[in-house]
>>> print(open('query_8.cif').read())   # mmCIF, C-alpha atoms
data_protein
loop_
_atom_site.label_atom_id
_atom_site.label_comp_id
_atom_site.auth_asym_id
_atom_site.auth_seq_id
_atom_site.Cartn_x
_atom_site.Cartn_y
_atom_site.Cartn_z
CA MET D 7 -25.16 14.63 -2.65
CA THR D 8 -24.40 11.37 -4.38
CA SER D 9 -25.13 11.50 -8.09
CA MET D 10 -26.81 8.58 -9.82
CA LYS D 11 -23.74 8.15 -11.99
CA TYR D 12 -21.61 7.16 -9.03
CA PRO D 13 -23.64 4.94 -6.68
CA PRO D 14 -21.95 3.54 -3.56
CA ILE D 15 -22.25 -0.18 -2.81
CA ASN D 16 -23.96 -0.82 0.52
CA LEU D 17 -22.90 -4.17 1.97
CA LYS D 18 -25.86 -4.63 4.34
CA GLU D 19 -28.31 -3.93 1.54
CA LYS D 20 -26.52 -6.37 -0.77
CA LEU D 21 -26.55 -9.03 1.96
CA THR D 22 -30.37 -8.95 2.01
CA LYS D 23 -30.44 -10.11 -1.61
CA PHE D 24 -29.55 -13.77 -1.01
CA SER D 25 -29.74 -16.34 1.74
CA ASP D 26 -28.05 -19.52 0.53
CA HIS D 27 -24.76 -20.60 2.04
CA TRP D 28 -21.38 -21.10 0.35
CA SER D 29 -22.47 -19.31 -2.80
CA PRO D 30 -20.50 -16.07 -3.29
CA ARG D 31 -22.15 -13.11 -5.05
CA VAL D 32 -20.10 -10.48 -6.85
CA ILE D 33 -20.69 -6.87 -5.76
CA ALA D 34 -17.76 -5.06 -7.38
CA GLU D 35 -14.81 -5.39 -9.71
CA MET D 36 -11.40 -3.79 -9.41
CA ASN D 37 -9.20 -4.40 -12.44
CA ASP D 38 -9.27 -8.19 -12.83
CA TYR D 39 -10.27 -8.81 -9.22
CA GLN D 40 -13.72 -9.21 -7.72
CA LEU D 41 -15.24 -8.40 -4.34
CA LYS D 42 -17.81 -11.01 -3.34
CA LEU D 43 -20.22 -11.43 -0.45
CA ALA D 44 -21.00 -14.84 0.99
CA LYS D 45 -23.02 -16.31 3.83
CA ILE D 46 -21.46 -19.43 5.25
CA LYS D 47 -22.55 -22.00 7.80
CA GLY D 48 -21.20 -25.43 8.59
CA GLU D 49 -18.12 -27.06 7.12
CA PHE D 50 -16.83 -26.39 3.62
CA ILE D 51 -14.53 -28.87 1.88
CA TRP D 52 -10.76 -29.04 1.88
CA HIS D 53 -9.48 -27.28 -1.22
CA THR D 54 -6.59 -25.30 -2.66
CA HIS D 55 -6.27 -22.31 -4.97
CA GLN D 56 -3.00 -23.09 -6.71
CA ASP D 57 -2.52 -19.74 -8.39
CA THR D 58 -3.86 -17.11 -6.05
CA ASP D 59 -4.08 -15.81 -2.52
CA GLU D 60 -7.61 -15.30 -1.17
CA VAL D 61 -8.83 -12.60 1.23
CA PHE D 62 -11.47 -13.40 3.87
CA PHE D 63 -13.00 -10.40 5.68
CA VAL D 64 -15.58 -11.25 8.36
CA LEU D 65 -18.42 -8.69 8.33
CA GLU D 66 -20.71 -10.39 10.86
CA GLY D 67 -20.30 -13.47 13.04
CA GLU D 68 -17.17 -15.54 13.14
CA MET D 69 -15.53 -18.31 11.18
CA SER D 70 -12.41 -20.38 11.23
CA ILE D 71 -10.15 -21.69 8.52
CA GLU D 72 -8.46 -25.00 9.13
CA PHE D 73 -5.08 -25.81 7.66
CA ARG D 74 -3.27 -29.13 7.73
CA ASP D 75 -0.93 -27.73 10.39
CA GLY D 76 -3.06 -25.22 12.27
CA SER D 77 -6.06 -22.94 12.06
CA VAL D 78 -7.20 -19.35 12.33
CA GLN D 79 -10.32 -17.98 13.97
CA ILE D 80 -11.55 -14.84 12.24
CA CYS D 81 -13.99 -12.61 14.13
CA GLU D 82 -16.06 -9.65 13.00
CA GLY D 83 -13.79 -6.88 11.76
CA GLU D 84 -10.91 -9.23 11.09
CA ILE D 85 -9.19 -10.22 7.86
CA PHE D 86 -7.12 -13.22 6.87
CA VAL D 87 -5.28 -13.86 3.62
CA VAL D 88 -5.00 -17.53 2.67
CA PRO D 89 -1.73 -17.90 0.74
CA LYS D 90 -1.92 -19.54 -2.67
CA GLY D 91 -1.24 -23.25 -2.79
CA ILE D 92 -2.19 -23.83 0.86
CA GLU D 93 -4.92 -26.41 1.43
CA HIS D 94 -7.65 -25.02 3.65
CA LYS D 95 -11.16 -25.68 4.92
CA PRO D 96 -13.46 -22.81 5.98
CA VAL D 97 -15.85 -23.58 8.86
CA ALA D 98 -18.58 -21.55 10.58
CA LYS D 99 -20.53 -22.96 13.54
CA GLU D 100 -23.21 -20.31 13.14
CA GLN D 101 -24.03 -18.28 10.05
CA CYS D 102 -21.25 -15.87 9.21
CA LYS D 103 -21.24 -13.09 6.62
CA ILE D 104 -18.00 -12.49 4.77
CA LEU D 105 -16.41 -10.40 2.05
CA LEU D 106 -14.06 -12.25 -0.30
CA ILE D 107 -11.46 -10.65 -2.55
CA GLU D 108 -9.92 -12.74 -5.29
CA PRO D 109 -9.16 -12.70 -9.01
CA LYS D 110 -12.09 -12.89 -11.39
CA GLY D 111 -12.84 -16.45 -12.44
CA ILE D 112 -11.81 -18.19 -9.23
CA ILE D 113 -13.92 -21.24 -8.41
CA ASN D 114 -14.95 -21.44 -4.75
CA THR D 115 -13.85 -25.05 -4.36
CA GLY D 116 -10.51 -24.46 -6.08
CA SER D 117 -8.97 -27.67 -7.36
CA ALA D 118 -11.28 -29.88 -5.30
CA ASP D 119 -14.55 -29.32 -7.21
CA GLY D 120 -17.65 -31.21 -5.98
CA GLU D 121 -21.24 -30.53 -5.02
CA LEU D 122 -20.34 -27.34 -3.16
CA THR D 123 -18.91 -25.76 -6.31
CA ALA D 124 -20.96 -22.59 -6.81
CA GLU D 125 -21.93 -20.88 -10.01
CA ASN D 126 -19.27 -18.29 -10.78
CA ASP D 127 -19.55 -14.59 -11.53
CA VAL D 128 -23.08 -14.14 -10.15
CA TRP D 129 -23.70 -10.43 -9.50
CA ILE D 130 -26.15 -8.89 -7.09
CA MET R 27 -8.10 -21.97 18.72
CA THR R 28 -6.06 -19.71 16.46
CA SER R 29 -2.50 -20.93 16.11
CA MET R 30 0.38 -18.45 16.15
CA LYS R 31 1.28 -19.47 12.63
CA TYR R 32 -1.96 -18.06 11.22
CA PRO R 33 -2.78 -14.77 12.98
CA PRO R 34 -5.89 -12.86 11.88
CA ILE R 35 -5.60 -9.13 11.13
CA ASN R 36 -7.80 -7.04 13.40
CA LEU R 37 -8.71 -3.75 11.76
CA LYS R 38 -9.63 -1.85 14.94
CA GLU R 39 -6.37 -2.87 16.58
CA LYS R 40 -4.40 -1.81 13.49
CA LEU R 41 -6.21 1.54 13.42
CA THR R 42 -4.85 2.38 16.90
CA LYS R 43 -1.31 2.25 15.52
CA PHE R 44 -1.33 5.58 13.70
CA SER R 45 -3.12 8.90 13.81
CA ASP R 46 -1.95 11.00 10.87
CA HIS R 47 -4.27 11.75 7.98
CA TRP R 48 -3.90 10.84 4.31
CA SER R 49 -1.08 8.41 4.97
CA PRO R 50 -2.13 4.83 4.13
CA ARG R 51 -0.63 1.92 6.10
CA VAL R 52 -0.37 -1.56 4.61
CA ILE R 53 -1.96 -4.36 6.66
CA ALA R 54 -2.02 -7.24 4.17
CA GLU R 55 -0.95 -8.40 0.75
CA MET R 56 -2.88 -10.56 -1.71
CA ASN R 57 -0.82 -11.51 -4.76
CA ASP R 58 0.44 -8.15 -6.06
CA TYR R 59 -2.29 -6.16 -4.33
CA GLN R 60 -2.26 -4.50 -0.94
CA LEU R 61 -4.91 -3.76 1.66
CA LYS R 62 -4.26 -0.45 3.38
CA LEU R 63 -5.86 1.47 6.24
CA ALA R 64 -6.07 5.23 6.23
CA LYS R 65 -7.52 8.00 8.37
CA ILE R 66 -8.64 10.96 6.33
CA LYS R 67 -9.95 14.42 7.19
CA GLY R 68 -10.35 17.50 5.06
CA GLU R 69 -9.81 17.78 1.33
CA PHE R 70 -7.30 15.71 -0.62
CA ILE R 71 -6.02 16.85 -4.00
CA TRP R 72 -7.39 16.14 -7.44
CA HIS R 73 -5.48 13.20 -8.89
CA THR R 74 -5.73 10.24 -11.24
CA HIS R 75 -4.48 6.67 -11.19
CA GLN R 76 -3.94 6.04 -14.89
CA ASP R 77 -3.39 2.31 -14.70
CA THR R 78 -5.61 0.99 -11.94
CA ASP R 79 -9.00 1.03 -10.30
CA GLU R 80 -9.01 1.84 -6.58
CA VAL R 81 -11.34 0.45 -3.90
CA PHE R 82 -12.54 2.67 -1.03
CA PHE R 83 -14.29 0.89 1.85
CA VAL R 84 -15.55 3.15 4.66
CA LEU R 85 -15.05 1.47 8.05
CA GLU R 86 -16.08 4.39 10.26
CA GLY R 87 -17.48 7.82 9.51
CA GLU R 88 -18.26 9.04 6.03
CA MET R 89 -16.46 10.54 3.08
CA SER R 90 -17.19 11.73 -0.40
CA ILE R 91 -15.29 11.49 -3.63
CA GLU R 92 -15.69 14.34 -6.09
CA PHE R 93 -15.44 13.78 -9.82
CA ARG R 94 -15.40 16.44 -12.53
CA ASP R 95 -19.00 15.51 -13.41
CA GLY R 96 -20.48 14.33 -10.11
CA SER R 97 -19.69 12.86 -6.71
CA VAL R 98 -20.36 9.93 -4.42
CA GLN R 99 -20.97 9.95 -0.68
CA ILE R 100 -19.69 6.79 0.96
CA CYS R 101 -21.01 5.95 4.42
CA GLU R 102 -19.92 3.34 6.97
CA GLY R 103 -20.28 -0.14 5.48
CA GLU R 104 -20.21 1.13 1.91
CA ILE R 105 -17.72 0.57 -0.88
CA PHE R 106 -16.90 2.49 -4.02
CA VAL R 107 -14.51 1.58 -6.82
CA VAL R 108 -12.91 4.55 -8.56
CA PRO R 109 -12.31 3.50 -12.17
CA LYS R 110 -8.80 3.90 -13.53
CA GLY R 111 -8.10 7.07 -15.40
CA ILE R 112 -10.87 9.05 -13.69
CA GLU R 113 -9.76 12.22 -11.95
CA HIS R 114 -11.08 12.34 -8.40
CA LYS R 115 -10.74 14.17 -5.09
CA PRO R 116 -11.51 12.45 -1.77
CA VAL R 117 -13.02 14.65 0.94
CA ALA R 118 -14.03 14.00 4.56
CA LYS R 119 -15.62 16.73 6.68
CA GLU R 120 -14.90 14.79 9.88
CA GLN R 121 -12.29 12.10 10.40
CA CYS R 122 -13.13 8.97 8.46
CA LYS R 123 -11.44 5.57 8.64
CA ILE R 124 -11.13 3.65 5.40
CA LEU R 125 -9.76 0.47 3.88
CA LEU R 126 -8.10 0.83 0.48
CA ILE R 127 -7.42 -1.97 -1.96
CA GLU R 128 -5.03 -1.34 -4.83
CA PRO R 129 -1.99 -2.79 -6.57
CA LYS R 130 1.29 -2.73 -4.68
CA GLY R 131 3.33 0.36 -5.49
CA ILE R 132 0.46 2.77 -6.06
CA ILE R 133 1.23 6.33 -4.96
CA ASN R 134 -1.63 7.96 -3.04
CA THR R 135 -1.55 11.13 -5.12
CA GLY R 136 -1.39 9.25 -8.42
CA SER R 137 -0.07 11.38 -11.24
CA ALA R 138 -0.54 14.64 -9.30
CA ASP R 139 2.27 14.25 -6.74
CA GLY R 140 2.76 17.12 -4.25
CA GLU R 141 3.08 17.64 -0.51
CA LEU R 142 0.33 15.13 0.28
CA THR R 143 2.25 12.30 -1.39
CA ALA R 144 2.72 9.73 1.36
CA GLU R 145 5.57 7.31 1.90
CA ASN R 146 4.66 4.10 0.14
CA ASP R 147 4.59 0.51 1.41
CA VAL R 148 4.55 1.37 5.14
CA TRP R 149 3.34 -1.65 7.11
CA ILE R 150 1.73 -1.68 10.51
#
>>> encode(input="query_8.cif", output="structure tokens")
Amino acid sequence: MTSMKYPPINLKEKLTKFSDHWSPRVIAEMNDYQLKLAKIKGEFIWHTHQDTDEVFFVLEGEMSIEFRDGSVQICEGEIFVVPKGIEHKPVAKEQCKILLIEPKGIINTGSADGELTAENDVWI
Amino acid sequence: MTSMKYPPINLKEKLTKFSDHWSPRVIAEMNDYQLKLAKIKGEFIWHTHQDTDEVFFVLEGEMSIEFRDGSVQICEGEIFVVPKGIEHKPVAKEQCKILLIEPKGIINTGSADGELTAENDVWI
């Protein structure tokens, strides 16, 4: 039996706690890294994380990430690691639910900033 | 269309590539961290990772992690982060498939060592 001291983190339950797009919520920390859930739909902006790789894990639906010289389609149950310093643009035709893994403090729009820049370090 | 330059990592496909228990396989790297798949069944040994937290993500089946003062049951779609320095023992009554996230170079048995110590940094 699970004791209250050590509660597991249920992704589906956490995903019910928000509905806005492109606004990652933190669900766990591992050392100086964070695991975040996000719902995405439509086109994000071109941006770059100069100092870190970024993990995308598709939990439900599908998305693609465009690069200046190619793209990747990521389906449910698939992972892709965007290498640091590589400009990219996430896109989802229909709503897609993803898990992100990246260092604490990373801004979702990287060096691009703009109106899609989400509040950072928001826990659910 | 996904270009060959940017292949996604399909977890189910990767899980077909090995069958032994308690022997994590690396599927991706993010900075100095690694994402690993493992199949587990039975009782692991008590051990501690003195310098790092460790993420367990149950992909299929269920497992528990025992602590000296409690335990957590982790079901499919659930995550648990074992804090660094906390002695723990993973257990799975039936085969369970998990994703681990931890710094590169981490030994599966931590400071305990022993016959269950797996070869490190094995990619699939």
>>> calpha_fit_and_write(input="query_8.cif", fixed="chain R", moving="chain D", output="short mmCIF file (atom, residue, chain, number, x, y, z; two decimals) with C-alpha atoms, in the frame of the given file")
data_model
loop_
_atom_site.label_atom_id
_atom_site.label_comp_id
_atom_site.auth_asym_id
_atom_site.auth_seq_id
_atom_site.Cartn_x
_atom_site.Cartn_y
_atom_site.Cartn_z
CA MET D 7 -8.09 -21.94 18.72
CA THR D 8 -6.07 -19.71 16.46
CA SER D 9 -2.49 -20.90 16.09
CA MET D 10 0.37 -18.41 16.13
CA LYS D 11 1.27 -19.46 12.61
CA TYR D 12 -1.95 -18.06 11.22
CA PRO D 13 -2.79 -14.78 12.98
CA PRO D 14 -5.90 -12.85 11.89
CA ILE D 15 -5.59 -9.13 11.13
CA ASN D 16 -7.80 -7.04 13.41
CA LEU D 17 -8.72 -3.74 11.76
CA LYS D 18 -9.64 -1.85 14.95
CA GLU D 19 -6.37 -2.85 16.58
CA LYS D 20 -4.40 -1.81 13.50
CA LEU D 21 -6.22 1.54 13.42
CA THR D 22 -4.86 2.37 16.89
CA LYS D 23 -1.31 2.24 15.53
CA PHE D 24 -1.33 5.58 13.69
CA SER D 25 -3.14 8.89 13.79
CA ASP D 26 -1.94 11.00 10.87
CA HIS D 27 -4.27 11.73 7.99
CA TRP D 28 -3.90 10.84 4.30
CA SER D 29 -1.08 8.41 4.97
CA PRO D 30 -2.12 4.83 4.14
CA ARG D 31 -0.61 1.92 6.10
CA VAL D 32 -0.37 -1.56 4.62
CA ILE D 33 -1.97 -4.36 6.66
CA ALA D 34 -2.03 -7.24 4.17
CA GLU D 35 -0.96 -8.39 0.74
CA MET D 36 -2.87 -10.55 -1.71
CA ASN D 37 -0.83 -11.51 -4.76
CA ASP D 38 0.43 -8.16 -6.06
CA TYR D 39 -2.29 -6.16 -4.34
CA GLN D 40 -2.26 -4.49 -0.94
CA LEU D 41 -4.92 -3.76 1.66
CA LYS D 42 -4.26 -0.44 3.39
CA LEU D 43 -5.86 1.46 6.25
CA ALA D 44 -6.07 5.24 6.23
CA LYS D 45 -7.52 8.00 8.37
CA ILE D 46 -8.66 10.96 6.33
CA LYS D 47 -9.94 14.41 7.19
CA GLY D 48 -10.36 17.50 5.06
CA GLU D 49 -9.81 17.78 1.33
CA PHE D 50 -7.30 15.70 -0.61
CA ILE D 51 -6.02 16.86 -4.00
CA TRP D 52 -7.38 16.14 -7.44
CA HIS D 53 -5.48 13.20 -8.90
CA THR D 54 -5.73 10.24 -11.25
CA HIS D 55 -4.47 6.67 -11.20
CA GLN D 56 -3.94 6.04 -14.90
CA ASP D 57 -3.39 2.31 -14.70
CA THR D 58 -5.60 1.00 -11.95
CA ASP D 59 -8.99 1.03 -10.31
CA GLU D 60 -9.01 1.83 -6.58
CA VAL D 61 -11.34 0.45 -3.90
CA PHE D 62 -12.54 2.67 -1.03
CA PHE D 63 -14.29 0.89 1.86
CA VAL D 64 -15.54 3.15 4.66
CA LEU D 65 -15.05 1.46 8.06
CA GLU D 66 -16.08 4.39 10.27
CA GLY D 67 -17.47 7.84 9.51
CA GLU D 68 -18.25 9.03 6.03
CA MET D 69 -16.45 10.53 3.08
CA SER D 70 -17.18 11.72 -0.40
CA ILE D 71 -15.28 11.49 -3.64
CA GLU D 72 -15.69 14.32 -6.09
CA PHE D 73 -15.44 13.79 -9.81
CA ARG D 74 -15.41 16.43 -12.52
CA ASP D 75 -19.00 15.49 -13.40
CA GLY D 76 -20.47 14.32 -10.11
CA SER D 77 -19.70 12.86 -6.72
CA VAL D 78 -20.35 9.93 -4.42
CA GLN D 79 -20.98 9.95 -0.69
CA ILE D 80 -19.70 6.79 0.96
CA CYS D 81 -21.00 5.95 4.44
CA GLU D 82 -19.90 3.35 6.96
CA GLY D 83 -20.28 -0.13 5.48
CA GLU D 84 -20.20 1.13 1.92
CA ILE D 85 -17.71 0.56 -0.88
CA PHE D 86 -16.90 2.49 -4.02
CA VAL D 87 -14.52 1.57 -6.82
CA VAL D 88 -12.91 4.54 -8.56
CA PRO D 89 -12.31 3.48 -12.18
CA LYS D 90 -8.80 3.89 -13.53
CA GLY D 91 -8.08 7.08 -15.41
CA ILE D 92 -10.87 9.05 -13.70
CA GLU D 93 -9.77 12.23 -11.94
CA HIS D 94 -11.07 12.33 -8.39
CA LYS D 95 -10.75 14.17 -5.09
CA PRO D 96 -11.51 12.44 -1.77
CA VAL D 97 -13.03 14.65 0.95
CA ALA D 98 -14.03 14.00 4.57
CA LYS D 99 -15.63 16.73 6.70
CA GLU D 100 -14.89 14.80 9.88
CA GLN D 101 -12.28 12.10 10.40
CA CYS D 102 -13.12 8.98 8.46
CA LYS D 103 -11.44 5.57 8.64
CA ILE D 104 -11.13 3.65 5.39
CA LEU D 105 -9.76 0.47 3.88
CA LEU D 106 -8.10 0.83 0.48
CA ILE D 107 -7.42 -1.98 -1.97
CA GLU D 108 -5.04 -1.34 -4.83
CA PRO D 109 -1.99 -2.79 -6.57
CA LYS D 110 1.28 -2.73 -4.68
CA GLY D 111 3.33 0.35 -5.49
CA ILE D 112 0.47 2.77 -6.08
CA ILE D 113 1.23 6.32 -4.96
CA ASN D 114 -1.63 7.96 -3.05
CA THR D 115 -1.55 11.13 -5.13
CA GLY D 116 -1.39 9.25 -8.43
CA SER D 117 -0.07 11.40 -11.24
CA ALA D 118 -0.54 14.64 -9.31
CA ASP D 119 2.26 14.25 -6.74
CA GLY D 120 2.75 17.11 -4.23
CA GLU D 121 3.07 17.64 -0.50
CA LEU D 122 0.32 15.13 0.29
CA THR D 123 2.25 12.31 -1.38
CA ALA D 124 2.73 9.72 1.38
CA GLU D 125 5.57 7.32 1.90
CA ASN D 126 4.66 4.08 0.15
CA ASP D 127 4.58 0.51 1.42
CA VAL D 128 4.55 1.38 5.13
CA TRP D 129 3.34 -1.65 7.11
CA ILE D 130 1.73 -1.69 10.51
#
>>> closest_residue(input="query_8.cif", among="D:Ser117, D:Leu122, D:Glu108, D:Ile80", to="Lys42 in chain D", atoms="all atoms listed in the file")
D:Glu108
>>> interface_residues(input="query_8.cif", of="chain R", to="chain D", cutoff="7 Å", atoms="only C-alpha atoms", output="PyMOL selection string")
chain R and resi 27-29+32-37+56-57+78-81+96-100+103-107
>>> write_last_selection(input="query_8.cif", atoms="C-alpha atoms", output="tab-separated table (two decimals), in the frame of the given file")
chain	number	residue	atom	x	y	z
R	27	MET	CA	-8.10	-21.97	18.72
R	28	THR	CA	-6.06	-19.71	16.46
R	29	SER	CA	-2.50	-20.93	16.11
R	32	TYR	CA	-1.96	-18.06	11.22
R	33	PRO	CA	-2.78	-14.77	12.98
R	34	PRO	CA	-5.89	-12.86	11.88
R	35	ILE	CA	-5.60	-9.13	11.13
R	36	ASN	CA	-7.80	-7.04	13.40
R	37	LEU	CA	-8.71	-3.75	11.76
R	56	MET	CA	-2.88	-10.56	-1.71
R	57	ASN	CA	-0.82	-11.51	-4.76
R	78	THR	CA	-5.61	0.99	-11.94
R	79	ASP	CA	-9.00	1.03	-10.30
R	80	GLU	CA	-9.01	1.84	-6.58
R	81	VAL	CA	-11.34	0.45	-3.90
R	96	GLY	CA	-20.48	14.33	-10.11
R	97	SER	CA	-19.69	12.86	-6.71
R	98	VAL	CA	-20.36	9.93	-4.42
R	99	GLN	CA	-20.97	9.95	-0.68
R	100	ILE	CA	-19.69	6.79	0.96
R	103	GLY	CA	-20.28	-0.14	5.48
R	104	GLU	CA	-20.21	1.13	1.91
R	105	ILE	CA	-17.72	0.57	-0.88
R	106	PHE	CA	-16.90	2.49	-4.02
R	107	VAL	CA	-14.51	1.58	-6.82
>>> axis_aligned_box(input="query_8.cif", around="range 102-107 of chain R", padding_each_side="4 Å", output="JSON")
{"center_x": -17.4, "center_y": 1.6, "center_z": 0.1, "size_x": 13.8, "size_y": 11.5, "size_z": 21.8}
>>> resolve_selection(input="query_8.cif", expression="the PyMOL selection byres ((chain D and resi 50) around 8)", output="NGL selection string")
:D and (28 or 48-49 or 51-52 or 95-97 or 122)
>>> atom_distance(input="query_8.cif", atom1="CA of Ile104 in chain D", atom2="CA of Leu125 in chain R")
15.4 Å
>>> resolve_selection(input="query_8.cif", expression="the PyMOL selection byres ((chain R and resi 66) around 6)", output="ChimeraX atom specification")
/R:47-48,65,67,121-122
>>> resolve_selection(input="query_8.cif", expression="the PyMOL selection byres ((chain R and resi 113) around 8)", output="number ranges by chain")
R: 72-75, 93-94, 111-112, 114-115
>>> atom_distance(input="query_8.cif", atom1="CA of Val128 in chain D", atom2="CA of Leu43 in chain D")
10.5 Å
>>> atom_distance(input="query_8.cif", atom1="CA of Leu106 in chain D", atom2="CA of Pro30 in chain D")
8.1 Å
>>> closest_residue(input="query_8.cif", among="R:Gln76, R:Val84, R:Ser45, R:Asp147", to="Lys130 in chain R", atoms="only C-alpha atoms")
R:Asp147
>>> closest_residue(input="query_8.cif", among="D:Ile112, D:Lys103, D:Ala98, D:Glu68", to="Gln40 in chain D", atoms="all atoms listed in the file")
D:Ile112
